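Engineer: What follows is structure23.pdb, made up of PDB, C-alpha atoms:
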ATOM      1  CA  MET A   5       0.000   0.000   0.000
ATOM      2  CA  SER A   6       1.305   3.425  -0.946
ATOM      3  CA  GLU A   7       0.727   6.318   1.423
ATOM      4  CA  ARG A   8       0.793   9.953   0.413
ATOM      5  CA  VAL A   9       3.094  12.228   2.370
ATOM      6  CA  ARG A  10       1.425  15.551   3.120
ATOM      7  CA  VAL A  11       3.793  18.497   2.805
ATOM      8  CA  LYS A  12       3.439  22.121   3.916
ATOM      9  CA  VAL A  13       5.810  24.744   2.533
ATOM     10  CA  CYS A  14       6.159  27.938   4.590
ATOM     11  CA  GLY A  15       7.547  31.272   3.555
ATOM     12  CA  VAL A  16       6.542  31.161  -0.094
ATOM     13  CA  THR A  17       7.343  34.569  -1.549
ATOM     14  CA  SER A  18       7.333  34.015  -5.315
ATOM     15  CA  VAL A  19       5.033  32.697  -7.985
ATOM     16  CA  ALA A  20       7.890  30.450  -9.138
ATOM     17  CA  GLN A  21       7.971  28.781  -5.717
ATOM     18  CA  ALA A  22       4.180  28.448  -5.689
ATOM     19  CA  VAL A  23       4.083  26.854  -9.150
ATOM     20  CA  ALA A  24       6.895  24.439  -8.254
ATOM     21  CA  CYS A  25       5.070  23.476  -5.050
ATOM     22  CA  ALA A  26       1.797  22.818  -6.867
ATOM     23  CA  ASP A  27       3.544  20.841  -9.611
ATOM     24  CA  ALA A  28       5.210  18.714  -6.901
ATOM     25  CA  GLY A  29       1.844  17.996  -5.265
ATOM     26  CA  VAL A  30       2.504  19.934  -2.071
ATOM     27  CA  THR A  31      -0.552  19.887   0.207
ATOM     28  CA  LEU A  32      -0.354  23.456   1.529
ATOM     29  CA  ILE A  33       1.719  26.583   1.001
ATOM     30  CA  SER A  34       1.948  29.630   3.270
ATOM     31  CA  PRO A  35       2.776  32.858   1.476
ATOM     32  CA  PHE A  36       3.943  35.397   4.063
ATOM     33  CA  VAL A  37       1.874  38.490   3.263
ATOM     34  CA  GLY A  38       3.450  40.643   5.973
ATOM     35  CA  ARG A  39       7.037  39.839   5.100
ATOM     36  CA  ILE A  40       6.430  40.751   1.476
ATOM     37  CA  TYR A  41       4.673  43.942   2.616
ATOM     38  CA  ASP A  42       7.567  44.783   4.974
ATOM     39  CA  PHE A  43      10.157  44.350   2.212
ATOM     40  CA  TYR A  44       8.391  46.790  -0.087
ATOM     41  CA  ARG A  45       7.629  49.282   2.708
ATOM     42  CA  LYS A  46      11.319  49.360   3.524
ATOM     43  CA  GLN A  47      12.302  49.595  -0.140
ATOM     44  CA  LYS A  48       9.870  52.463  -0.785
ATOM     45  CA  LYS A  49      10.720  54.112   2.564
ATOM     46  CA  VAL A  50       7.064  54.483   3.539
ATOM     47  CA  ASP A  51       5.115  53.721   6.711
ATOM     48  CA  ASP A  52       2.228  52.073   4.888
ATOM     49  CA  ILE A  53       1.177  50.762   1.502
ATOM     50  CA  PRO A  54      -2.504  51.135   0.597
ATOM     51  CA  ILE A  55      -4.329  47.820   0.529
ATOM     52  CA  ALA A  56      -5.108  48.142  -3.202
ATOM     53  CA  GLU A  57      -1.348  48.293  -3.851
ATOM     54  CA  ASP A  58      -0.223  45.826  -1.151
ATOM     55  CA  PRO A  59       2.286  43.466  -2.817
ATOM     56  CA  GLY A  60       1.788  40.770  -0.155
ATOM     57  CA  VAL A  61      -1.944  40.659  -0.788
ATOM     58  CA  ALA A  62      -1.369  40.784  -4.568
ATOM     59  CA  SER A  63       0.998  37.819  -4.308
ATOM     60  CA  VAL A  64      -1.549  35.639  -2.509
ATOM     61  CA  VAL A  65      -4.313  36.651  -4.916
ATOM     62  CA  ARG A  66      -2.124  35.770  -7.899
ATOM     63  CA  ILE A  67      -1.154  32.383  -6.453
ATOM     64  CA  TYR A  68      -4.707  31.537  -5.347
ATOM     65  CA  ASP A  69      -6.151  32.487  -8.743
ATOM     66  CA  TYR A  70      -3.427  30.524 -10.572
ATOM     67  CA  TYR A  71      -4.092  27.379  -8.526
ATOM     68  CA  LYS A  72      -7.852  27.560  -8.906
ATOM     69  CA  LYS A  73      -7.713  28.415 -12.620
ATOM     70  CA  HIS A  74      -5.536  25.410 -13.357
ATOM     71  CA  GLY A  75      -7.192  22.959 -10.971
ATOM     72  CA  TYR A  76      -4.361  22.457  -8.507
ATOM     73  CA  LYS A  77      -5.266  20.812  -5.208
ATOM     74  CA  THR A  78      -2.534  22.626  -3.270
ATOM     75  CA  GLN A  79      -4.149  24.852  -0.647
ATOM     76  CA  VAL A  80      -3.098  28.450  -0.055
ATOM     77  CA  MET A  81      -2.848  29.637   3.549
ATOM     78  CA  GLY A  82      -2.078  33.336   3.796
ATOM     79  CA  ALA A  83       0.092  34.109   6.824
ATOM     80  CA  SER A  84       2.112  36.770   8.615
ATOM     81  CA  PHE A  85      -0.417  39.589   8.434
ATOM     82  CA  ARG A  86       0.385  43.112   9.598
ATOM     83  CA  LYS A  87      -3.112  44.620   9.478
ATOM     84  CA  THR A  88      -6.747  43.556   9.287
ATOM     85  CA  GLU A  89      -7.207  45.059   5.831
ATOM     86  CA  GLN A  90      -4.849  42.409   4.436
ATOM     87  CA  ILE A  91      -6.976  39.662   5.962
ATOM     88  CA  LEU A  92     -10.207  41.132   4.625
ATOM     89  CA  ALA A  93      -8.690  41.520   1.149
ATOM     90  CA  LEU A  94      -8.013  37.763   1.173
ATOM     91  CA  ALA A  95     -11.387  36.614   2.508
ATOM     92  CA  GLY A  96     -12.243  33.433   0.653
ATOM     93  CA  CYS A  97      -8.661  32.167   0.505
ATOM     94  CA  ASP A  98      -8.409  28.445   1.334
ATOM     95  CA  LEU A  99      -6.980  29.166   4.786
ATOM     96  CA  LEU A 100      -5.615  32.118   6.742
ATOM     97  CA  THR A 101      -3.482  31.974   9.858
ATOM     98  CA  ILE A 102      -4.242  35.053  11.932
ATOM     99  CA  ALA A 103      -2.585  36.347  15.097
ATOM    100  CA  PRO A 104      -4.871  36.664  18.158
ATOM    101  CA  GLU A 105      -4.615  40.467  18.296
ATOM    102  CA  LEU A 106      -5.774  40.768  14.675
ATOM    103  CA  LEU A 107      -8.599  38.295  15.335
ATOM    104  CA  GLU A 108      -9.724  40.490  18.238
ATOM    105  CA  LYS A 109      -9.721  43.571  15.997
ATOM    106  CA  LEU A 110     -11.759  41.711  13.366
ATOM    107  CA  ALA A 111     -14.211  40.426  15.970
ATOM    108  CA  SER A 112     -14.841  43.932  17.306
ATOM    109  CA  ALA A 113     -15.185  45.547  13.862
ATOM    110  CA  ALA A 114     -18.624  46.483  12.586
ATOM    111  CA  GLY A 115     -20.056  45.115   9.351
ATOM    112  CA  THR A 116     -19.820  41.893   7.456
ATOM    113  CA  VAL A 117     -16.932  40.312   5.626
ATOM    114  CA  GLU A 118     -17.319  40.134   1.867
ATOM    115  CA  ARG A 119     -15.703  37.260   0.004
ATOM    116  CA  ALA A 120     -12.804  38.619  -2.057
ATOM    117  CA  LEU A 121     -11.433  35.386  -3.558
ATOM    118  CA  SER A 122     -13.380  32.585  -5.161
ATOM    119  CA  VAL A 123     -12.798  29.617  -7.422
ATOM    120  CA  GLU A 124     -15.459  30.916  -9.800
ATOM    121  CA  LYS A 125     -13.765  34.309 -10.216
ATOM    122  CA  ALA A 126     -10.374  32.652 -10.664
ATOM    123  CA  LYS A 127     -11.639  30.321 -13.390
ATOM    124  CA  GLU A 128     -12.981  33.302 -15.378
ATOM    125  CA  GLN A 129      -9.540  34.922 -15.575
ATOM    126  CA  ALA A 130      -7.100  34.600 -18.457
ATOM    127  CA  ILE A 131      -4.120  33.137 -16.594
ATOM    128  CA  GLU A 132      -1.585  31.198 -18.620
ATOM    129  CA  LYS A 133      -0.198  27.959 -17.239
ATOM    130  CA  ILE A 134       3.468  28.243 -16.342
ATOM    131  CA  SER A 135       5.824  25.424 -17.241
ATOM    132  CA  LEU A 136       8.908  25.256 -15.040
ATOM    133  CA  ASP A 137      11.968  23.093 -15.307
ATOM    134  CA  GLU A 138      14.843  23.820 -12.920
ATOM    135  CA  LYS A 139      16.422  26.401 -15.224
ATOM    136  CA  ALA A 140      13.134  28.260 -15.735
ATOM    137  CA  PHE A 141      12.395  28.114 -11.988
ATOM    138  CA  ARG A 142      15.783  29.550 -11.065
ATOM    139  CA  TRP A 143      15.450  32.338 -13.629
ATOM    140  CA  MET A 144      11.866  33.248 -12.681
ATOM    141  CA  HIS A 145      12.634  33.212  -8.955
ATOM    142  CA  ASN A 146      15.865  35.173  -9.429
ATOM    143  CA  GLU A 147      14.001  37.875 -11.353
ATOM    144  CA  ASP A 148      12.077  38.663  -8.159
ATOM    145  CA  ALA A 149      14.560  40.496  -5.904
ATOM    146  CA  MET A 150      12.210  40.402  -2.907
ATOM    147  CA  ALA A 151      11.641  36.652  -3.207
ATOM    148  CA  THR A 152      15.350  35.948  -3.632
ATOM    149  CA  GLU A 153      16.275  38.051  -0.587
ATOM    150  CA  LYS A 154      13.471  36.681   1.602
ATOM    151  CA  LEU A 155      14.255  33.050   0.700
ATOM    152  CA  ALA A 156      17.934  33.499   1.559
ATOM    153  CA  GLU A 157      17.036  35.309   4.792
ATOM    154  CA  GLY A 158      14.593  32.546   5.736
ATOM    155  CA  ILE A 159      17.181  29.826   5.152
ATOM    156  CA  ARG A 160      19.762  31.682   7.272
ATOM    157  CA  ARG A 161      17.257  32.176  10.112
ATOM    158  CA  PHE A 162      16.104  28.563   9.944
ATOM    159  CA  ASP A 163      19.723  27.393  10.159
ATOM    160  CA  ALA A 164      20.428  29.702  13.120
ATOM    161  CA  ASP A 165      17.302  28.455  14.917
ATOM    162  CA  ALA A 166      18.216  24.830  14.211
ATOM    163  CA  ARG A 167      21.676  25.375  15.722
ATOM    164  CA  LYS A 168      20.144  26.992  18.839
ATOM    165  CA  LEU A 169      17.726  24.085  19.205
ATOM    166  CA  GLU A 170      20.536  21.573  18.807
ATOM    167  CA  LYS A 171      22.560  23.293  21.578
ATOM    168  CA  LEU A 172      19.508  23.325  23.842
ATOM    169  CA  VAL A 173      18.840  19.625  23.281
ATOM    170  CA  VAL A 174      22.488  18.760  23.963
ATOM    171  CA  SER A 175      22.492  20.832  27.178
ATOM    172  CA  LEU A 176      19.211  19.278  28.353
ATOM    173  CA  ALA A 177      20.475  15.776  27.580
ATOM    174  CA  ALA A 178      23.667  16.452  29.553
ATOM    175  CA  ALA A 179      21.764  17.712  32.592
ATOM    176  CA  GLU A 180      21.199  15.275  35.412
ATOM    177  CA  PRO A 181      17.664  13.912  35.563
ATOM    178  CA  VAL A 182      15.500  15.132  38.437
ATOM    179  CA  ALA A 183      14.218  12.336  40.649
ATOM    180  CA  ALA A 184      10.444  11.908  40.677
ATOM    181  CA  LYS A 185       8.855  12.553  44.061
TER     182      LYS A 185
END
Let's see the structure in the file written out as structure tokens.
Structural biologist:
Amino acid sequence: MSERVRVKVCGVTSVAQAVACADAGVTLISPFVGRIYDFYRKQKKVDDIPIAEDPGVASVVRIYDYYKKHGYKTQVMGASFRKTEQILALAGCDLLTIAPELLEKLASAAGTVERALSVEKAKEQAIEKISLDEKAFRWMHNEDAMATEKLAEGIRRFDADARKLEKLVVSLAAAEPVAAK
């Protein structure tokens, strides 16, 4: 009997990564809306980017629409939000992971939430299917300076965290066990 391994990919910041994940049959991807937003805020030297121009939101919309248009089963879970407007702009996305403080703000807000994303709307769009081999992936990803920088930063942070965890485990393993009372 063959079992399917379910895979989640975090920190997706480019369409190239999203397409590669879907083509590989990844179960779930998490584009980091806030990290994309932060990169462009810093680059533009502004305190805020209007929601209609938010590159983090635009990235998730593009990926969601691409997946739904082309019938991919990979789910999109928007993550790393900085403000409630980003969440509302992605209402209808497969999944959203939302910090408690933003959930509280949403819960206390007046009005109803309108669905922004839908399979039906995505299927109506003219979105070409992207074919990626390794060379095309590397080129497409490299063309996106934000995605290239954020991927490298994420790998460095993951490595640093893994080393910290390893040191902690070694120190805990070396500690003398406490007798049960």
Engineer: Might you pull out every residue within 9 Å of Tyr44 in chain A, with only C-alpha atoms counted and same-chain residues fewer than 6 positions away left off, and present them as a CSV table (one decimal) with C-alpha atoms, in the frame of the given file?
Structural biologist:
chain,number,residue,atom,x,y,z
A,50,VAL,CA,7.1,54.5,3.5
A,53,ILE,CA,1.2,50.8,1.5
A,58,ASP,CA,-0.2,45.8,-1.2
A,59,PRO,CA,2.3,43.5,-2.8
A,60,GLY,CA,1.8,40.8,-0.2
A,150,MET,CA,12.2,40.4,-2.9
Engineer: Point out the residue among A:Glu132, A:Asp98, A:Glu57, A:Glu153 with the least atom-to-atom distance to Phe43 in chain A, counting all atoms listed in the file.
Structural biologist: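 Going through A:Glu132, A:Asp98, A:Glu57, A:Glu153 one by one, the smallest distance to Phe43 in chain A is for A:Glu153.
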Engineer: Residues of range 90-159 of chain A that approach range 35-42 of chain A to 12 Å or less, counting only C-alpha atoms: could you list each one with the shortest pair of atoms and its distance in Å to one decimal, rows by chain and increasing residue number, as CSV?
Structural biologist:
residue,atom,partner,partner_atom,distance
A:Gln90,CA,A:Val37,CA,7.9
A:Ile91,CA,A:Val37,CA,9.3
A:Ala93,CA,A:Val37,CA,11.2
A:Leu94,CA,A:Val37,CA,10.1
A:Cys97,CA,A:Pro35,CA,11.5
A:Leu99,CA,A:Pro35,CA,10.9
A:Leu100,CA,A:Pro35,CA,9.9
A:Thr101,CA,A:Phe36,CA,10.0
A:Ile102,CA,A:Val37,CA,11.2
A:Ala103,CA,A:Gly38,CA,11.8
A:Asp148,CA,A:Ile40,CA,11.4
A:Ala149,CA,A:Ile40,CA,11.0
A:Met150,CA,A:Ile40,CA,7.3
A:Ala151,CA,A:Ile40,CA,8.1
A:Thr152,CA,A:Ile40,CA,11.3
A:Glu153,CA,A:Ile40,CA,10.4
A:Lys154,CA,A:Arg39,CA,8.0
A:Leu155,CA,A:Arg39,CA,10.8
A:Glu157,CA,A:Arg39,CA,11.0
A:Gly158,CA,A:Arg39,CA,10.5
Engineer: Kindly indicate which residue among A:Val174, A:Ala20, A:Leu92, A:Ala179 lies nearest to Ala113 in chain A, using only C-alpha atoms for the distances.
Structural biologist: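 Nearest to Ala113 in chain A: A:Leu92.
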Engineer: CA of Gly96 in chain A to CA of Ile33 in chain A: how many Å, to one decimal?
Structural biologist: 15.6 Å
Engineer: With 4 Å on each side, where is the centre of the axis-aligned box around all listed atoms of range 141-148 of chain A, and how long are its edges in Å to one decimal, as AutoDock Vina command-line options?
Structural biologist:
--center_x 13.9 --center_y 33.4 --center_z -10.9 --size_x 12.0 --size_y 18.5 --size_z 13.5
Engineer: Using only C-alpha atoms, find the one residue out of A:Lys139, A:His74, A:Arg160, A:Lys171 that sits nearest to Glu124 in chain A.
Structural biologist: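 Looking at the shortest contact to Glu124 in chain A, the residue is A:His74.
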Engineer: Using all atoms listed in the file, determine which residues lie at most 9 Å from Ile67 in chain A, disregarding the query and same-chain residues fewer than 4 positions distant; provide the list as a PyMOL selection string.
Structural biologist: chain A and resi 18-19+22-23+35+62-63+71-72+80
Engineer: In Å, rounded to a single decimal, give me how far CA of Lys77 in chain A is from CA of Leu32 in chain A.
Structural biologist: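 Separation between CA of Leu32 in chain A and CA of Lys77 in chain A: 8.7 Å.
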Engineer: Given the file above and the PyMOL selection byres ((chain A and resi 106) around 10), which residues are selected, and can you give them as number ranges by chain?
Structural biologist: A: 85-89, 91, 102-105, 107-112
Engineer: Keeping only C-alpha atoms, write the selected residues as an mmCIF file, keeping the file's coordinate frame.
Structural biologist:
data_model
loop_
_atom_site.group_PDB
_atom_site.id
_atom_site.type_symbol
_atom_site.label_atom_id
_atom_site.label_comp_id
_atom_site.auth_asym_id
_atom_site.auth_seq_id
_atom_site.Cartn_x
_atom_site.Cartn_y
_atom_site.Cartn_z
ATOM 1 C CA PHE A 85 -0.417 39.589 8.434
ATOM 2 C CA ARG A 86 0.385 43.112 9.598
ATOM 3 C CA LYS A 87 -3.112 44.620 9.478
ATOM 4 C CA THR A 88 -6.747 43.556 9.287
ATOM 5 C CA GLU A 89 -7.207 45.059 5.831
ATOM 6 C CA ILE A 91 -6.976 39.662 5.962
ATOM 7 C CA ILE A 102 -4.242 35.053 11.932
ATOM 8 C CA ALA A 103 -2.585 36.347 15.097
ATOM 9 C CA PRO A 104 -4.871 36.664 18.158
ATOM 10 C CA GLU A 105 -4.615 40.467 18.296
ATOM 11 C CA LEU A 107 -8.599 38.295 15.335
ATOM 12 C CA GLU A 108 -9.724 40.490 18.238
ATOM 13 C CA LYS A 109 -9.721 43.571 15.997
ATOM 14 C CA LEU A 110 -11.759 41.711 13.366
ATOM 15 C CA ALA A 111 -14.211 40.426 15.970
ATOM 16 C CA SER A 112 -14.841 43.932 17.306
#
Engineer: Just checking: using all atoms listed in the file, which residue out of A:Glu138, A:Asp69, A:Asp163, A:Glu170 ends up closest to Leu121 in chain A?
Structural biologist: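 When distances to Leu121 in chain A are compared using all atoms listed in the file, the smallest one comes from A:Asp69.
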Engineer: Which one of A:Glu147, A:Ala140, A:Arg167, A:Met81 sits closest to Val65 in chain A if you count all atoms listed in the file?
Structural biologist: A:Met81
Engineer: What's the separation between CA of Ala156 in chain A and CA of Val13 in chain A, in Å to one decimal place?
Structural biologist: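 Pair CA of Ala156 in chain A / CA of Val13 in chain A returns 15.0 Å.
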Engineer: Measuring atom to atom with all atoms listed in the file, identify which of A:Ser135, A:Thr17, A:Gln79, A:Thr31 is nearest to Val123 in chain A.
Structural biologist: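 Between A:Ser135, A:Thr17, A:Gln79, A:Thr31, the residue approaching Val123 in chain A most closely is A:Gln79.
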Engineer: Run the PyMOL selection byres ((chain A and resi 130) around 12) mentally over the shown coordinates, then write out the matched residues as a list in words, using the chain letters and numbers from the document.
Structural biologist: Arg66, Asp69, Tyr70, Lys72, Lys73, His74, Lys125, Ala126, Lys127, Glu128, Gln129, Ile131, Glu132 and Lys133 of chain A
Engineer: Using only C-alpha atoms, please write the residues we just selected to a file, as a CSV table (one decimal), in the frame of the given file.
Structural biologist:
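Once written, out_12.csv looks like this:
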chain,number,residue,atom,x,y,z
A,66,ARG,CA,-2.1,35.8,-7.9
A,69,ASP,CA,-6.2,32.5,-8.7
A,70,TYR,CA,-3.4,30.5,-10.6
A,72,LYS,CA,-7.9,27.6,-8.9
A,73,LYS,CA,-7.7,28.4,-12.6
A,74,HIS,CA,-5.5,25.4,-13.4
A,125,LYS,CA,-13.8,34.3,-10.2
A,126,ALA,CA,-10.4,32.7,-10.7
A,127,LYS,CA,-11.6,30.3,-13.4
A,128,GLU,CA,-13.0,33.3,-15.4
A,129,GLN,CA,-9.5,34.9,-15.6
A,131,ILE,CA,-4.1,33.1,-16.6
A,132,GLU,CA,-1.6,31.2,-18.6
A,133,LYS,CA,-0.2,28.0,-17.2
